[in-house]
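Student: The structure is given below, and queries will be raised subsequently.
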Amino acid sequence: MTTRTADPWHHYGRARAASDRAVPGTFYWNWGQDAGPGPEVLGDLTGRCVGDLGAGAARHAAYLAVHHQPAHITAIDASPAQHAMATDLYAHLAPRLRIVASDAVPHLNTMTGTYDVLYSVFGAVDFTDPRVLLPAAAAALKPGGRLVFATLAHYLNGAPAQPDAVAAYVPAKTPDGEAATMRRWVLQKHVWTKLLDEAGFTDITIDVLPATTDGPRSADTLLVSACCPSWGVYRQ
C-alpha cells in the first residue's frame, strides 16, 4: 500500500461488522463472493498450518478455523483498522485462529518453511509488489506447500489487466474520508505465470471465474494456484 500516514482500509467492512458478527457459513473465491469453487481448492487442511495474506476482518480465516480443523490459521493484515475489527469479531477463536498485525512480506520473511498453505482473497497479493511477495511466500512455504489466490482479471472500470508487472493507483479514502490512492496489481494471466515461475513455484494453474452480476463494479476473477517444490528457491 502506498498510503502510510493514514489507513486506507479504515472504512472497509465497517458497516457489515456492526450488524454481522457471525463466522461465515460459506467461502468463495469469486469477486461477488457468491458462486464458484470454495475452500476445497486449498486441499485438506486438517492439521495444517495456514496463512491468510491480507485477511481484512478475517472472515475467510474464521470460516476455515471453524469448519476445516487446521492446526492453526494465521490471519495477517497491515491495516490497524482491519486488525482491530478482526480481533473484535474473532479473537474468541484463538488459539486455532491467530490474528497478526503486519505487512505480508515482513511476516513471511520471519516464517521460513512454516506454512503448508498460503492464500489471499483479493488481499495482500493484490496490493503488494509480486516481485517481492511471491519469493517471500515461496520461502515461507514448506516443500510441497501451496499458494492460492483470487485476484481481479481486469480493472473494476472494465479496463484490461496489465501486460507487465506494473501497478496502477486506485481510489481509496483516509479515515477522515479524504480522497487517497493505493497501488493495486491487476495483471494478465501470463504475467502471473511468469512471476510465479521466477519465484520458484511449479504446477501453476489459473482459472477464470466469470462475474455473476452485471454492474459498474462487477468483475471476473483469476483463481491462481501454485506449488512450492523447495524452500526459497527462485531464479533471479
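Letters A, B, ... mark the chains of the C-alpha cells in the order given; residue numbers begin at 1 per chain; ligand numbers begin at 1, in order shown.
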As a ChimeraX atom specification, please: all residues of range 27-236 of chain A that backbone DSSP puts in strand (DSSP E or B).
Tutor: /A:49-53,72-77,97-101,115-121,141-152,154,160,162,168-173,179-184,187,202-209,221-228
Student: To test your reading of the structure, identify every residue in range 114-201 of chain A that backbone DSSP assigns to helix (DSSP H, G or I), and report it as a list of chain:residue names.
Tutor: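 These are the residues in question: A:Ala124, A:Val125, A:Asp126, A:Phe127, A:Pro130, A:Arg131, A:Val132, A:Leu133, A:Leu134, A:Pro135, A:Ala136, A:Ala137, A:Ala138, A:Ala139, A:Ala140, A:Lys189, A:His190, A:Val191, A:Trp192, A:Thr193, A:Lys194, A:Leu195, A:Leu196, A:Asp197, A:Glu198.
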Student: From the set A:Asp52, A:Ala180, A:Glu40, A:Ser79, which residue has the shortest atom-to-atom contact distance to His67 in chain A, counting only C-alpha atoms?
Tutor: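 Of all the options, A:Glu40 lies closest to His67 in chain A.
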Student: How close does each residue of range 164-236 of chain A get to range 131-147 of chain A, giving the shortest atom pair and distance in Å to one decimal for every residue with an atom at most 12 Å away, counting only C-alpha atoms, sorted by chain and residue number, as JSON lines?
Tutor:
```
{"residue": "A:Asp164", "atom": "CA", "partner": "A:Arg131", "partner_atom": "CA", "distance": 11.6}
{"residue": "A:Ala165", "atom": "CA", "partner": "A:Arg131", "partner_atom": "CA", "distance": 8.2}
{"residue": "A:Val166", "atom": "CA", "partner": "A:Arg131", "partner_atom": "CA", "distance": 10.1}
{"residue": "A:Ala167", "atom": "CA", "partner": "A:Arg131", "partner_atom": "CA", "distance": 11.5}
{"residue": "A:Trp185", "atom": "CA", "partner": "A:Arg131", "partner_atom": "CA", "distance": 10.9}
{"residue": "A:Val191", "atom": "CA", "partner": "A:Arg131", "partner_atom": "CA", "distance": 11.1}
{"residue": "A:Trp192", "atom": "CA", "partner": "A:Leu134", "partner_atom": "CA", "distance": 10.0}
{"residue": "A:Thr193", "atom": "CA", "partner": "A:Leu134", "partner_atom": "CA", "distance": 11.3}
{"residue": "A:Lys194", "atom": "CA", "partner": "A:Arg131", "partner_atom": "CA", "distance": 10.4}
{"residue": "A:Leu195", "atom": "CA", "partner": "A:Arg131", "partner_atom": "CA", "distance": 6.8}
{"residue": "A:Leu196", "atom": "CA", "partner": "A:Leu134", "partner_atom": "CA", "distance": 6.7}
{"residue": "A:Asp197", "atom": "CA", "partner": "A:Leu134", "partner_atom": "CA", "distance": 9.6}
{"residue": "A:Glu198", "atom": "CA", "partner": "A:Pro135", "partner_atom": "CA", "distance": 8.3}
{"residue": "A:Ala199", "atom": "CA", "partner": "A:Pro135", "partner_atom": "CA", "distance": 4.8}
{"residue": "A:Gly200", "atom": "CA", "partner": "A:Ala138", "partner_atom": "CA", "distance": 6.9}
{"residue": "A:Phe201", "atom": "CA", "partner": "A:Ala138", "partner_atom": "CA", "distance": 7.1}
{"residue": "A:Thr202", "atom": "CA", "partner": "A:Gly144", "partner_atom": "CA", "distance": 9.5}
{"residue": "A:Asp203", "atom": "CA", "partner": "A:Arg146", "partner_atom": "CA", "distance": 9.6}
{"residue": "A:Ile204", "atom": "CA", "partner": "A:Leu147", "partner_atom": "CA", "distance": 9.6}
{"residue": "A:Thr205", "atom": "CA", "partner": "A:Leu147", "partner_atom": "CA", "distance": 10.8}
{"residue": "A:Ile206", "atom": "CA", "partner": "A:Leu147", "partner_atom": "CA", "distance": 11.9}
{"residue": "A:Leu223", "atom": "CA", "partner": "A:Leu147", "partner_atom": "CA", "distance": 10.8}
{"residue": "A:Val224", "atom": "CA", "partner": "A:Leu147", "partner_atom": "CA", "distance": 8.0}
{"residue": "A:Ser225", "atom": "CA", "partner": "A:Leu147", "partner_atom": "CA", "distance": 5.8}
{"residue": "A:Ala226", "atom": "CA", "partner": "A:Leu147", "partner_atom": "CA", "distance": 5.4}
{"residue": "A:Cys227", "atom": "CA", "partner": "A:Arg146", "partner_atom": "CA", "distance": 4.5}
{"residue": "A:Cys228", "atom": "CA", "partner": "A:Gly144", "partner_atom": "CA", "distance": 5.2}
{"residue": "A:Pro229", "atom": "CA", "partner": "A:Pro143", "partner_atom": "CA", "distance": 5.0}
{"residue": "A:Ser230", "atom": "CA", "partner": "A:Pro143", "partner_atom": "CA", "distance": 4.6}
{"residue": "A:Trp231", "atom": "CA", "partner": "A:Ala139", "partner_atom": "CA", "distance": 4.9}
{"residue": "A:Gly232", "atom": "CA", "partner": "A:Ala139", "partner_atom": "CA", "distance": 3.7}
{"residue": "A:Val233", "atom": "CA", "partner": "A:Ala139", "partner_atom": "CA", "distance": 7.4}
{"residue": "A:Tyr234", "atom": "CA", "partner": "A:Pro135", "partner_atom": "CA", "distance": 6.9}
{"residue": "A:Arg235", "atom": "CA", "partner": "A:Pro135", "partner_atom": "CA", "distance": 9.5}
{"residue": "A:Gln236", "atom": "CA", "partner": "A:Arg131", "partner_atom": "CA", "distance": 10.1}
```
Student: How would the residues just chosen look if you wrote them out with N, CA and C atoms as a compact mmCIF listing (two decimals), in the first residue's frame?
Tutor:
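Contents of the output file result_26.txt:
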```txt
# COMPACT_ATOMS: atom_id res chain seq x y z
N ASP A 164 2.28 -6.26 -18.15
CA ASP A 164 3.56 -6.32 -17.47
C ASP A 164 3.32 -6.18 -15.96
N ALA A 165 4.37 -6.43 -15.18
CA ALA A 165 4.24 -6.41 -13.72
C ALA A 165 4.32 -4.97 -13.20
N VAL A 166 3.29 -4.20 -13.50
CA VAL A 166 3.21 -2.82 -13.04
C VAL A 166 1.89 -2.61 -12.32
N ALA A 167 1.89 -1.69 -11.37
CA ALA A 167 0.70 -1.38 -10.60
C ALA A 167 0.04 -0.12 -11.12
N TRP A 185 -2.09 -4.32 -8.06
CA TRP A 185 -1.56 -5.07 -9.20
C TRP A 185 -2.69 -5.88 -9.83
N VAL A 191 1.38 -12.91 -17.10
CA VAL A 191 2.28 -12.19 -16.21
C VAL A 191 2.37 -12.91 -14.86
N TRP A 192 1.21 -13.31 -14.33
CA TRP A 192 1.22 -14.07 -13.08
C TRP A 192 2.00 -15.37 -13.24
N THR A 193 1.82 -16.04 -14.36
CA THR A 193 2.53 -17.29 -14.58
C THR A 193 4.04 -17.07 -14.57
N LYS A 194 4.49 -16.02 -15.25
CA LYS A 194 5.92 -15.72 -15.31
C LYS A 194 6.47 -15.38 -13.92
N LEU A 195 5.75 -14.56 -13.17
CA LEU A 195 6.21 -14.16 -11.85
C LEU A 195 6.27 -15.35 -10.89
N LEU A 196 5.28 -16.22 -10.95
CA LEU A 196 5.28 -17.40 -10.09
C LEU A 196 6.42 -18.34 -10.45
N ASP A 197 6.64 -18.51 -11.73
CA ASP A 197 7.74 -19.36 -12.19
C ASP A 197 9.08 -18.80 -11.71
N GLU A 198 9.26 -17.51 -11.81
CA GLU A 198 10.51 -16.89 -11.37
C GLU A 198 10.71 -17.00 -9.86
N ALA A 199 9.60 -17.09 -9.11
CA ALA A 199 9.68 -17.22 -7.66
C ALA A 199 9.89 -18.66 -7.22
N GLY A 200 9.93 -19.59 -8.17
CA GLY A 200 10.20 -20.98 -7.84
C GLY A 200 8.99 -21.88 -7.74
N PHE A 201 7.81 -21.36 -8.07
CA PHE A 201 6.60 -22.18 -8.00
C PHE A 201 6.46 -23.07 -9.22
N THR A 202 5.79 -24.20 -9.02
CA THR A 202 5.50 -25.14 -10.10
C THR A 202 4.01 -25.48 -10.10
N ASP A 203 3.60 -26.29 -11.06
CA ASP A 203 2.20 -26.73 -11.15
C ASP A 203 1.25 -25.53 -11.08
N ILE A 204 1.54 -24.53 -11.86
CA ILE A 204 0.77 -23.28 -11.84
C ILE A 204 -0.50 -23.46 -12.68
N THR A 205 -1.62 -23.18 -12.09
CA THR A 205 -2.89 -23.19 -12.82
C THR A 205 -3.62 -21.88 -12.57
N ILE A 206 -4.28 -21.37 -13.60
CA ILE A 206 -5.04 -20.13 -13.49
C ILE A 206 -6.39 -20.33 -14.18
N LEU A 223 -8.42 -17.18 -10.50
CA LEU A 223 -8.13 -18.05 -9.37
C LEU A 223 -6.83 -18.78 -9.69
N VAL A 224 -5.79 -18.46 -8.93
CA VAL A 224 -4.43 -18.91 -9.22
C VAL A 224 -3.97 -19.89 -8.15
N SER A 225 -3.39 -20.99 -8.57
CA SER A 225 -2.86 -21.98 -7.65
C SER A 225 -1.48 -22.40 -8.10
N ALA A 226 -0.55 -22.56 -7.15
CA ALA A 226 0.81 -22.95 -7.49
C ALA A 226 1.43 -23.68 -6.31
N CYS A 227 2.37 -24.58 -6.60
CA CYS A 227 3.04 -25.36 -5.57
C CYS A 227 4.49 -24.91 -5.43
N CYS A 228 5.01 -25.13 -4.24
CA CYS A 228 6.39 -24.76 -3.94
C CYS A 228 7.22 -26.02 -3.75
N PRO A 229 8.14 -26.33 -4.68
CA PRO A 229 8.90 -27.57 -4.54
C PRO A 229 10.03 -27.52 -3.53
N SER A 230 10.50 -26.32 -3.19
CA SER A 230 11.61 -26.23 -2.26
C SER A 230 11.60 -24.86 -1.59
N TRP A 231 12.31 -24.75 -0.48
CA TRP A 231 12.32 -23.52 0.30
C TRP A 231 13.07 -22.42 -0.43
N GLY A 232 12.36 -21.35 -0.73
CA GLY A 232 13.02 -20.12 -1.16
C GLY A 232 13.92 -20.26 -2.35
N VAL A 233 13.66 -21.23 -3.24
CA VAL A 233 14.50 -21.36 -4.42
C VAL A 233 13.81 -20.64 -5.55
N TYR A 234 14.42 -19.61 -6.08
CA TYR A 234 13.84 -18.90 -7.20
C TYR A 234 14.95 -18.32 -8.05
N ARG A 235 14.60 -18.10 -9.30
CA ARG A 235 15.58 -17.60 -10.25
C ARG A 235 15.53 -16.09 -10.29
N GLN A 236 16.69 -15.48 -10.33
CA GLN A 236 16.76 -14.02 -10.44
C GLN A 236 16.41 -13.60 -11.86
```
Student: Using only C-alpha atoms, which residue out of A:His10, A:Arg96, A:Arg217, A:Lys189 lies closest to Gly177 in chain A?
Tutor: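 Closest residue, counting only C-alpha atoms: A:His10.
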Student: What is the distance, in Å and to one decimal place, between CA of Ala172 in chain A and CA of Trp31 in chain A?
Tutor: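 Those two atoms sit 18.1 Å apart.
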Student: If we count only C-alpha atoms and set the cut-off at 12 Å, which residues sit around range 83-87 of chain A, ignoring sequence neighbours fewer than 6 positions away in its own chain? Please answer as a ChimeraX atom specification.
Tutor: /A:7,9-18,20-23,54-62,74-77,93-94,97-103
